[in-house]
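**Q** Here you go, my_file17.cif (mmCIF, C-alpha atoms):
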```cif
data_input
#
loop_
_atom_site.label_atom_id
_atom_site.label_comp_id
_atom_site.auth_asym_id
_atom_site.auth_seq_id
_atom_site.Cartn_x
_atom_site.Cartn_y
_atom_site.Cartn_z
CA MET A 1 -26.54 16.22 6.59
CA ALA A 2 -26.20 19.58 4.81
CA GLY A 3 -24.97 21.26 7.98
CA ASP A 4 -22.64 18.36 8.63
CA GLU A 5 -21.39 18.53 5.09
CA LEU A 6 -20.58 22.21 5.43
CA SER A 7 -18.78 21.75 8.70
CA ASP A 8 -16.98 18.68 7.34
CA ARG A 9 -15.75 20.83 4.51
CA HIS A 10 -14.75 23.50 6.98
CA LEU A 11 -12.89 21.01 9.18
CA ILE A 12 -11.05 19.49 6.24
CA LYS A 13 -10.02 22.91 4.98
CA GLN A 14 -8.74 23.78 8.43
CA PHE A 15 -6.84 20.50 8.54
CA GLN A 16 -5.36 21.23 5.13
CA ARG A 17 -4.09 24.51 6.57
CA GLY A 18 -2.30 22.50 9.27
CA ASP A 19 -4.81 22.48 12.13
CA LEU A 20 -4.57 19.00 13.66
CA LYS A 21 -7.45 19.65 16.06
CA ALA A 22 -9.76 19.87 13.07
CA PHE A 23 -8.73 16.37 12.05
CA ASP A 24 -9.30 15.16 15.60
CA MET A 25 -12.84 16.58 15.53
CA PHE A 26 -13.47 15.03 12.14
CA ALA A 27 -12.32 11.64 13.44
CA LEU A 28 -14.43 11.94 16.60
CA ARG A 29 -17.48 12.73 14.52
CA TYR A 30 -17.22 9.62 12.39
CA GLN A 31 -15.48 7.05 14.58
CA ASP A 32 -18.68 5.46 15.95
CA ARG A 33 -20.34 5.23 12.56
CA LEU A 34 -17.24 3.76 10.95
CA MET A 35 -16.95 1.30 13.81
CA ARG A 36 -20.53 0.12 13.20
CA LEU A 37 -20.07 -0.12 9.46
CA ALA A 38 -16.80 -2.00 9.85
CA ALA A 39 -18.45 -4.38 12.32
CA SER A 40 -21.15 -5.23 9.81
CA SER A 41 -18.64 -5.86 7.02
CA LEU A 42 -15.76 -7.71 8.65
CA TYR A 43 -15.67 -11.47 9.06
CA ILE A 44 -13.65 -11.20 12.26
CA SER A 45 -14.95 -8.75 14.83
CA ALA A 46 -11.53 -8.38 16.49
CA ASN A 47 -10.37 -6.53 13.37
CA THR A 48 -12.99 -3.77 13.72
CA GLU A 49 -10.89 -1.30 15.67
CA ASP A 50 -7.86 -1.93 13.48
CA ALA A 51 -9.96 -1.26 10.39
CA VAL A 52 -11.24 2.06 11.75
CA GLN A 53 -7.73 3.10 12.75
CA GLU A 54 -6.45 2.21 9.31
CA VAL A 55 -9.22 4.31 7.72
CA PHE A 56 -8.27 7.31 9.82
CA LEU A 57 -4.59 6.84 9.08
CA ARG A 58 -5.33 6.75 5.37
CA SER A 59 -7.60 9.75 5.66
CA TYR A 60 -4.89 11.63 7.54
CA LYS A 61 -2.61 11.09 4.58
CA GLY A 62 -5.29 11.52 1.93
CA LEU A 63 -7.30 14.45 3.22
CA SER A 64 -4.41 16.87 2.78
CA GLY A 65 -4.98 16.58 -0.97
CA PHE A 66 -8.78 16.19 -0.80
CA ARG A 67 -10.46 18.27 -3.53
CA PHE A 68 -14.10 17.80 -2.51
CA SER A 69 -15.07 15.98 -5.68
CA ALA A 70 -17.06 13.65 -3.39
CA GLU A 71 -18.63 14.17 0.00
CA PRO A 72 -16.24 13.53 2.88
CA PHE A 73 -18.33 10.70 4.34
CA THR A 74 -18.63 9.02 0.93
CA TRP A 75 -14.86 9.16 0.64
CA LEU A 76 -14.46 7.77 4.16
CA TYR A 77 -16.96 5.02 3.48
CA ARG A 78 -15.16 3.91 0.32
CA THR A 79 -11.86 3.89 2.17
CA LEU A 80 -13.46 1.75 4.87
CA LYS A 81 -14.87 -0.58 2.26
CA ASN A 82 -11.42 -1.08 0.75
CA VAL A 83 -9.83 -1.64 4.15
CA CYS A 84 -12.51 -4.19 5.10
CA MET A 85 -12.07 -6.00 1.80
CA GLU A 86 -8.32 -6.21 2.33
CA MET A 87 -8.76 -7.47 5.88
CA ASN A 88 -11.38 -10.02 4.86
CA ARG A 89 -9.10 -11.26 2.10
CA LYS A 90 -6.23 -11.63 4.57
CA SER A 91 -8.41 -13.39 7.13
CA SER A 92 -10.19 -15.60 4.60
CA GLY A 93 -8.11 -18.53 5.79
CA GLN A 94 -9.24 -17.98 9.35
CA THR A 95 -12.64 -18.95 10.69
CA PRO A 96 -15.33 -16.24 10.95
CA ASN A 97 -16.33 -14.81 14.28
CA LYS A 98 -17.70 -17.77 16.14
CA ASN A 99 -16.16 -16.98 19.48
CA ALA A 100 -18.33 -14.01 20.41
CA PRO A 101 -18.51 -13.54 24.15
CA THR A 102 -21.13 -15.61 25.90
CA GLY A 103 -23.53 -14.43 28.61
CA SER A 104 -21.29 -15.59 31.42
CA MET A 105 -18.40 -13.53 30.09
CA VAL A 106 -20.60 -10.46 29.88
CA GLU A 107 -21.74 -10.97 33.48
CA TYR A 108 -18.13 -11.27 34.54
CA SER A 109 -17.41 -7.93 32.87
CA GLY A 110 -19.06 -6.20 35.87
CA ALA A 111 -15.93 -6.96 37.86
CA LEU A 112 -13.67 -5.61 35.19
CA ASP A 113 -13.02 -1.98 34.42
CA GLU A 114 -15.38 0.12 32.38
CA GLU A 115 -13.30 0.03 29.22
CA LEU A 116 -13.20 -3.72 29.08
CA GLY A 117 -16.91 -3.83 29.83
CA THR A 118 -17.62 -1.56 26.86
CA GLN A 119 -15.39 -3.72 24.73
CA LEU A 120 -17.27 -6.84 25.72
CA ASP A 121 -20.62 -5.14 25.11
CA ASN A 122 -19.35 -4.12 21.72
CA GLU A 123 -18.25 -7.66 20.95
CA ARG A 124 -21.64 -8.99 21.97
CA ASN A 125 -23.52 -6.44 19.87
CA ILE A 126 -21.26 -7.01 16.90
CA GLY A 127 -21.85 -10.72 17.25
CA LYS A 128 -25.63 -10.26 17.26
CA VAL A 129 -25.70 -7.92 14.27
CA ARG A 130 -23.25 -10.01 12.34
CA ALA A 131 -25.32 -13.14 12.97
CA ILE A 132 -28.32 -11.44 11.33
CA VAL A 133 -26.71 -9.66 8.38
CA ALA A 134 -24.10 -12.30 7.54
CA CYS A 135 -26.66 -14.22 5.48
CA LEU A 136 -26.97 -11.34 3.00
CA PRO A 137 -24.79 -10.73 -0.04
CA ASP A 138 -22.45 -7.72 0.26
CA GLN A 139 -24.53 -5.25 -1.76
CA GLN A 140 -27.79 -6.11 0.00
CA ARG A 141 -26.11 -5.91 3.39
CA GLU A 142 -24.62 -2.51 2.58
CA VAL A 143 -27.96 -1.11 1.48
CA LEU A 144 -29.78 -2.52 4.51
CA VAL A 145 -27.22 -1.11 6.93
CA LEU A 146 -27.01 2.33 5.35
CA ARG A 147 -30.71 2.76 4.69
CA LEU A 148 -32.38 1.08 7.69
CA PHE A 149 -29.75 1.17 10.42
CA GLU A 150 -27.83 4.37 9.64
CA GLY A 151 -30.95 6.17 8.44
CA PHE A 152 -29.69 7.55 5.14
CA SER A 153 -32.31 8.30 2.51
CA ILE A 154 -32.53 6.25 -0.68
CA LYS A 155 -30.90 9.08 -2.60
CA GLN A 156 -28.06 9.49 -0.09
CA THR A 157 -27.48 5.73 0.02
CA ALA A 158 -27.31 5.67 -3.77
CA LYS A 159 -24.78 8.49 -3.73
CA ILE A 160 -22.62 6.79 -1.10
CA LEU A 161 -22.67 3.49 -2.97
CA GLY A 162 -22.28 5.12 -6.37
CA CYS A 163 -25.39 3.59 -7.92
CA ARG A 164 -28.93 4.62 -8.90
CA PRO A 165 -31.76 5.02 -6.38
CA GLY A 166 -33.68 2.29 -8.21
CA THR A 167 -30.82 -0.13 -7.59
CA VAL A 168 -30.87 0.72 -3.91
CA LYS A 169 -34.61 0.03 -3.73
CA ALA A 170 -34.20 -3.29 -5.52
CA HIS A 171 -31.36 -4.38 -3.22
CA LEU A 172 -33.34 -3.32 -0.15
CA ASN A 173 -36.35 -5.32 -1.26
CA LYS A 174 -34.23 -8.42 -1.88
CA ALA A 175 -32.42 -7.92 1.42
CA MET A 176 -35.71 -7.86 3.35
CA THR A 177 -36.94 -10.98 1.57
CA ASN A 178 -33.70 -12.83 2.32
CA LEU A 179 -33.70 -11.62 5.90
CA ARG A 180 -37.24 -12.90 6.54
CA GLN A 181 -36.21 -16.30 5.23
CA SER A 182 -33.03 -16.54 7.27
CA PRO A 183 -33.21 -18.86 10.33
CA THR A 184 -31.38 -16.42 12.59
CA PHE A 185 -33.88 -13.64 11.87
CA GLN A 186 -36.81 -15.99 12.37
CA ALA A 187 -35.34 -17.09 15.71
CA LYS A 188 -34.99 -13.46 16.70
CA ARG A 189 -38.62 -12.82 15.81
CA LYS A 190 -39.78 -15.80 17.84
CA GLU A 191 -37.61 -14.68 20.75
CA LEU A 192 -39.31 -11.28 20.79
CA ASN A 193 -42.85 -12.69 20.52
CA MET B 1 -64.30 -11.25 3.15
CA ALA B 2 -63.66 -12.64 6.60
CA ASN B 3 -60.78 -14.70 5.23
CA GLN B 4 -59.29 -11.65 3.54
CA ASP B 5 -59.50 -9.66 6.76
CA GLU B 6 -57.83 -12.48 8.66
CA PHE B 7 -55.09 -12.68 6.04
CA LYS B 8 -54.53 -8.94 6.25
CA LYS B 9 -54.37 -9.10 10.04
CA LEU B 10 -51.92 -11.99 9.88
CA GLN B 11 -49.79 -10.11 7.37
CA GLU B 12 -49.80 -7.06 9.59
CA LEU B 13 -48.77 -9.20 12.55
CA VAL B 14 -45.93 -10.72 10.56
CA GLU B 15 -44.80 -7.31 9.41
CA LEU B 16 -45.01 -6.03 12.97
CA ALA B 17 -42.93 -8.95 14.18
CA ASP B 18 -40.44 -8.27 11.38
CA GLN B 19 -40.33 -4.62 12.34
CA LYS B 20 -39.82 -5.51 15.99
CA ALA B 21 -37.01 -7.92 15.21
CA LEU B 22 -35.46 -5.44 12.83
CA SER B 23 -35.65 -2.60 15.33
CA GLN B 24 -34.03 -4.90 17.92
CA VAL B 25 -31.17 -5.60 15.50
CA LYS B 26 -30.94 -1.88 14.80
CA GLU B 27 -30.67 -1.19 18.52
CA ASP B 28 -27.86 -3.71 18.86
CA TYR B 29 -26.19 -2.17 15.83
CA LEU B 30 -26.40 1.37 17.18
CA ASN B 31 -24.97 0.26 20.51
CA ILE B 32 -21.67 -0.54 18.82
CA LYS B 33 -19.37 2.27 19.90
CA ALA B 34 -15.79 3.15 19.20
CA PRO B 35 -13.55 2.71 22.25
CA ALA B 36 -12.75 5.85 24.21
CA ASN B 37 -9.02 5.51 23.65
CA LEU B 38 -9.34 5.18 19.89
CA SER B 39 -8.46 8.80 19.13
CA ALA B 40 -5.51 8.70 21.56
CA ARG B 41 -4.19 5.57 19.88
CA LEU B 42 -4.79 7.19 16.53
CA VAL B 43 -2.69 10.21 17.50
CA SER B 44 0.18 7.95 18.60
CA GLN B 45 -0.07 5.97 15.38
CA ILE B 46 -0.04 9.13 13.30
CA LYS B 47 3.00 10.38 15.19
CA ALA B 48 4.72 7.04 14.66
CA SER B 49 3.93 7.14 10.96
CA GLU B 50 5.31 10.67 10.74
CA VAL B 51 8.51 9.58 12.44
CA ARG B 52 8.83 6.77 9.94
CA LYS B 53 8.10 9.05 7.03
CA PRO B 54 11.65 10.30 6.35
CA LEU B 55 12.94 6.73 6.49
CA PHE B 56 10.28 5.61 4.06
CA TRP B 57 11.14 8.53 1.84
CA LYS B 58 14.80 7.52 1.92
CA ILE B 59 13.99 3.90 1.21
CA SER B 60 11.75 4.84 -1.71
CA TRP B 61 14.55 6.90 -3.23
CA MET B 62 17.25 4.36 -2.42
CA PRO B 63 16.98 2.31 -5.66
CA VAL B 64 17.28 5.46 -7.73
CA GLY B 65 20.31 6.59 -5.75
CA LEU B 66 21.96 3.19 -5.86
CA GLY B 67 21.30 2.91 -9.59
CA SER B 68 22.88 6.25 -10.36
CA VAL B 69 25.88 5.53 -8.13
CA ALA B 70 26.39 2.16 -9.83
CA THR B 71 26.18 3.76 -13.28
CA LEU B 72 28.69 6.39 -12.25
CA LEU B 73 31.05 3.76 -10.85
CA ILE B 74 30.93 1.71 -14.07
CA ALA B 75 31.53 4.85 -16.13
CA VAL B 76 34.57 5.76 -14.01
CA LEU B 77 36.00 2.24 -14.31
CA LEU B 78 35.64 2.26 -18.07
CA ILE B 79 37.18 5.68 -18.56
CA ARG B 80 40.13 5.15 -16.15
CA PRO B 81 43.67 4.56 -17.69
CA VAL B 82 44.78 0.96 -18.32
CA SER B 83 47.79 0.60 -16.08
CA ASN B 84 46.93 1.74 -12.66
CA PRO B 85 49.26 0.39 -10.02
CA SER B 86 46.75 0.99 -7.26
CA THR B 87 44.37 -1.57 -8.72
CA GLU B 88 47.04 -4.14 -9.61
CA GLY B 89 45.89 -7.61 -8.74
CA ALA B 90 42.27 -6.53 -8.44
CA PHE B 91 39.90 -7.37 -11.23
CA SER B 92 38.60 -4.54 -13.28
CA LEU B 93 37.71 -4.03 -16.89
CA THR B 94 40.63 -1.68 -17.37
CA SER B 95 43.19 -4.07 -15.89
CA LEU B 96 42.85 -6.25 -19.00
CA PRO B 97 45.97 -6.14 -21.25
CA SER B 98 45.94 -3.96 -24.32
CA LEU B 99 46.33 -5.32 -27.86
CA SER B 100 49.56 -3.43 -28.43
CA ASP B 101 51.32 -5.79 -26.05
CA THR B 102 52.36 -8.41 -28.66
CA SER B 103 54.27 -10.58 -26.21
CA LEU B 104 50.94 -11.97 -25.05
CA TYR B 105 49.87 -13.52 -28.34
CA LEU B 106 53.11 -13.88 -30.38
CA PRO B 107 55.67 -16.60 -29.47
CA SER B 108 58.97 -15.23 -28.24
CA LEU B 109 61.73 -15.76 -30.84
CA PRO B 110 65.44 -16.18 -30.09
CA THR B 111 67.37 -13.01 -30.71
CA TYR B 112 70.83 -13.04 -32.19
CA SER B 113 73.22 -10.19 -32.69
CA ILE B 114 74.36 -9.46 -36.25
CA PRO B 115 78.08 -10.47 -35.75
CA SER B 116 77.04 -13.81 -34.33
CA LEU B 117 74.76 -14.31 -37.30
CA ASN B 118 77.69 -13.51 -39.60
CA GLU B 119 79.73 -16.20 -37.92
CA MET B 120 76.96 -18.72 -38.07
CA THR B 121 76.03 -18.21 -41.69
CA GLY B 122 79.38 -17.08 -43.17
CA ILE B 123 77.58 -14.30 -44.98
CA SER B 124 78.11 -10.74 -44.08
CA LEU B 125 74.84 -9.35 -43.20
CA LEU B 126 76.21 -5.92 -42.57
CA PRO B 127 75.58 -3.44 -45.35
CA GLN B 128 78.61 -2.74 -47.58
CA THR B 129 78.78 0.97 -47.14
CA PRO B 130 81.54 2.93 -48.93
CA SER B 131 84.22 4.39 -46.78
CA TYR B 132 84.94 8.07 -47.09
CA GLY B 133 88.39 7.83 -45.54
CA ASN B 134 88.04 9.25 -42.26
CA SER B 135 91.03 7.40 -40.81
CA GLU B 136 94.62 8.40 -41.59
CA ASP B 137 95.52 5.03 -43.15
CA GLU B 138 92.65 5.22 -45.53
CA ILE B 139 93.64 8.74 -46.56
CA GLU B 140 97.05 7.52 -47.46
CA LYS B 141 95.71 4.57 -49.42
CA SER B 142 93.09 6.59 -51.28
CA PRO B 143 93.57 6.74 -55.11
CA ARG B 144 93.31 10.50 -55.22
CA LYS B 145 96.26 10.74 -52.92
CA ASN B 146 98.11 8.28 -55.06
CA ASN B 147 97.41 10.37 -58.12
CA THR B 148 98.73 13.45 -56.48
CA LYS B 149 101.89 11.53 -55.61
CA ARG B 150 102.24 10.66 -59.20
#
```
Could you render the structure from this file as structure tokens?
**A**
Amino acid sequence: MAGDELSDRHLIKQFQRGDLKAFDMFALRYQDRLMRLAASSLYISANTEDAVQEVFLRSYKGLSGFRFSAEPFTWLYRTLKNVCMEMNRKSSGQTPNKNAPTGSMVEYSGALDEELGTQLDNERNIGKVRAIVACLPDQQREVLVLRLFEGFSIKQTAKILGCRPGTVKAHLNKAMTNLRQSPTFQAKRKELN
Amino acid sequence: MANQDEFKKLQELVELADQKALSQVKEDYLNIKAPANLSARLVSQIKASEVRKPLFWKISWMPVGLGSVATLLIAVLLIRPVSNPSTEGAFSLTSLPSLSDTSLYLPSLPTYSIPSLNEMTGISLLPQTPSYGNSEDEIEKSPRKNNTKR
């Protein structure tokens, strides 16, 4: 993380000097992670790519005046959080993602081109993850995803979320309890055993 | 003791199952990838937003510009002279009549010339000014002349 942080800083400074390749590298570094985080937060999985694009567009405009008061990823994460909230608010009238691709569609993807296949795989994975974490409240879901799935330490998670490490631990504990009680997680456990 | 051991084993099994299920979810989660063409689309979007930027800038300044132009226009209309033939017929604040034009709010009275008034009334309205004898007849009739004749 420290090495990343330094090079993030370096890339942003280069971008602020007008080097667009530096921004491209910065975007490439974080696009997968932002995609995953957006997928776990959005009600409608079809909005995931749009959310990530919107985050990068905002960062393109915002990074030119970035003063490093926060870590670049923390800034990106908060931007993503805002974008996801806006999109969820807009799509609150629509039904949540219930039309995730079925097995037959995924099998059919073999005949389609690679890009579409990746897209369908993505949709399927998003559907699976969303089915598990959707039962959790926002804060617990955020902590679970950052700490267990993304592998950030308690301290880093606390910094990203802007709270105390104790709060992160408490949320994580509650999240695990809720997860064990959720029917989807229990079904998953039975499926594996 | 045997019960406790069994409970511990069961708990461990449950935790293991939880861990397995959780690691499976984690695997699914980490398999979510950004599409390959995302950065290309991003570049095109950024370019499009940059093209739109001047227009946005203009639009954002438009109310200020319009406001100042409108203020200027009103100021010019107010300062402009009253009778301007070019704007005759068109409504403007300055095309309103001035107060010095009394014909608008005072009724028009009939006008008579002084001799006709004299005839009508029988009274001479002309001032009785003394004559200083400019004509020849008057010079002859003047008392001073008469005195000199005497």
**Q** What residues come out when you apply the PyMOL selection byres ((chain B and resi 46) around 10) to this file, written as a list in words?
**A**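 Against this file, the PyMOL selection byres ((chain B and resi 46) around 10) returns the residues Gln53, Phe56, Leu57, Arg58, Tyr60 and Lys61 of chain A; Ala40, Arg41, Leu42, Val43, Ser44, Gln45, Lys47, Ala48, Ser49, Glu50, Val51 and Arg52 of chain B.
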**Q** Could you tell me how far CA of Gln16 (chain A) lies from CA of Leu34 (chain A), in Å and to one decimal?
**A**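 CA of Leu34 (chain A) lies at a distance of 21.9 Å from CA of Gln16 (chain A).
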**Q** With the PyMOL selection byres ((chain A) within 10 of (chain B)) as the selection, what would be picked from this file? Answer as a count of residues only, please.
**A** 59
**Q** Expressed in Å to a single decimal, how great is the separation between CA of Phe68 (chain A) and CA of Ile12 (chain A)?
**A** 9.4 Å
**Q** Tell me which residues the PyMOL selection byres ((chain A and resi 82) around 12) grabs here, as a VMD selection string.
**A** chain A and resid 38 41 to 42 51 to 52 54 to 55 58 75 to 81 83 to 89
**Q** Would you mind reading off the distance between CA of Thr74 (chain A) and CA of Gly162 (chain A), one decimal, in Å?
**A**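 Result for CA of Thr74 (chain A) versus CA of Gly162 (chain A): 9.0 Å, one decimal.
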**Q** Using all atoms listed in the file, which residue out of A:Arg9, A:Lys174, A:Thr157, A:Ala134 lies closest to Ser69 (chain A)?
**A** A:Arg9
**Q** Excluding Leu146 (chain A) and its own-chain neighbours fewer than 2 positions away, which residues fall within 10 Å of it when counting only C-alpha atoms? Please give them as a PyMOL selection string.
**A** chain A and resi 37+141-144+148-154+156-158+160-161
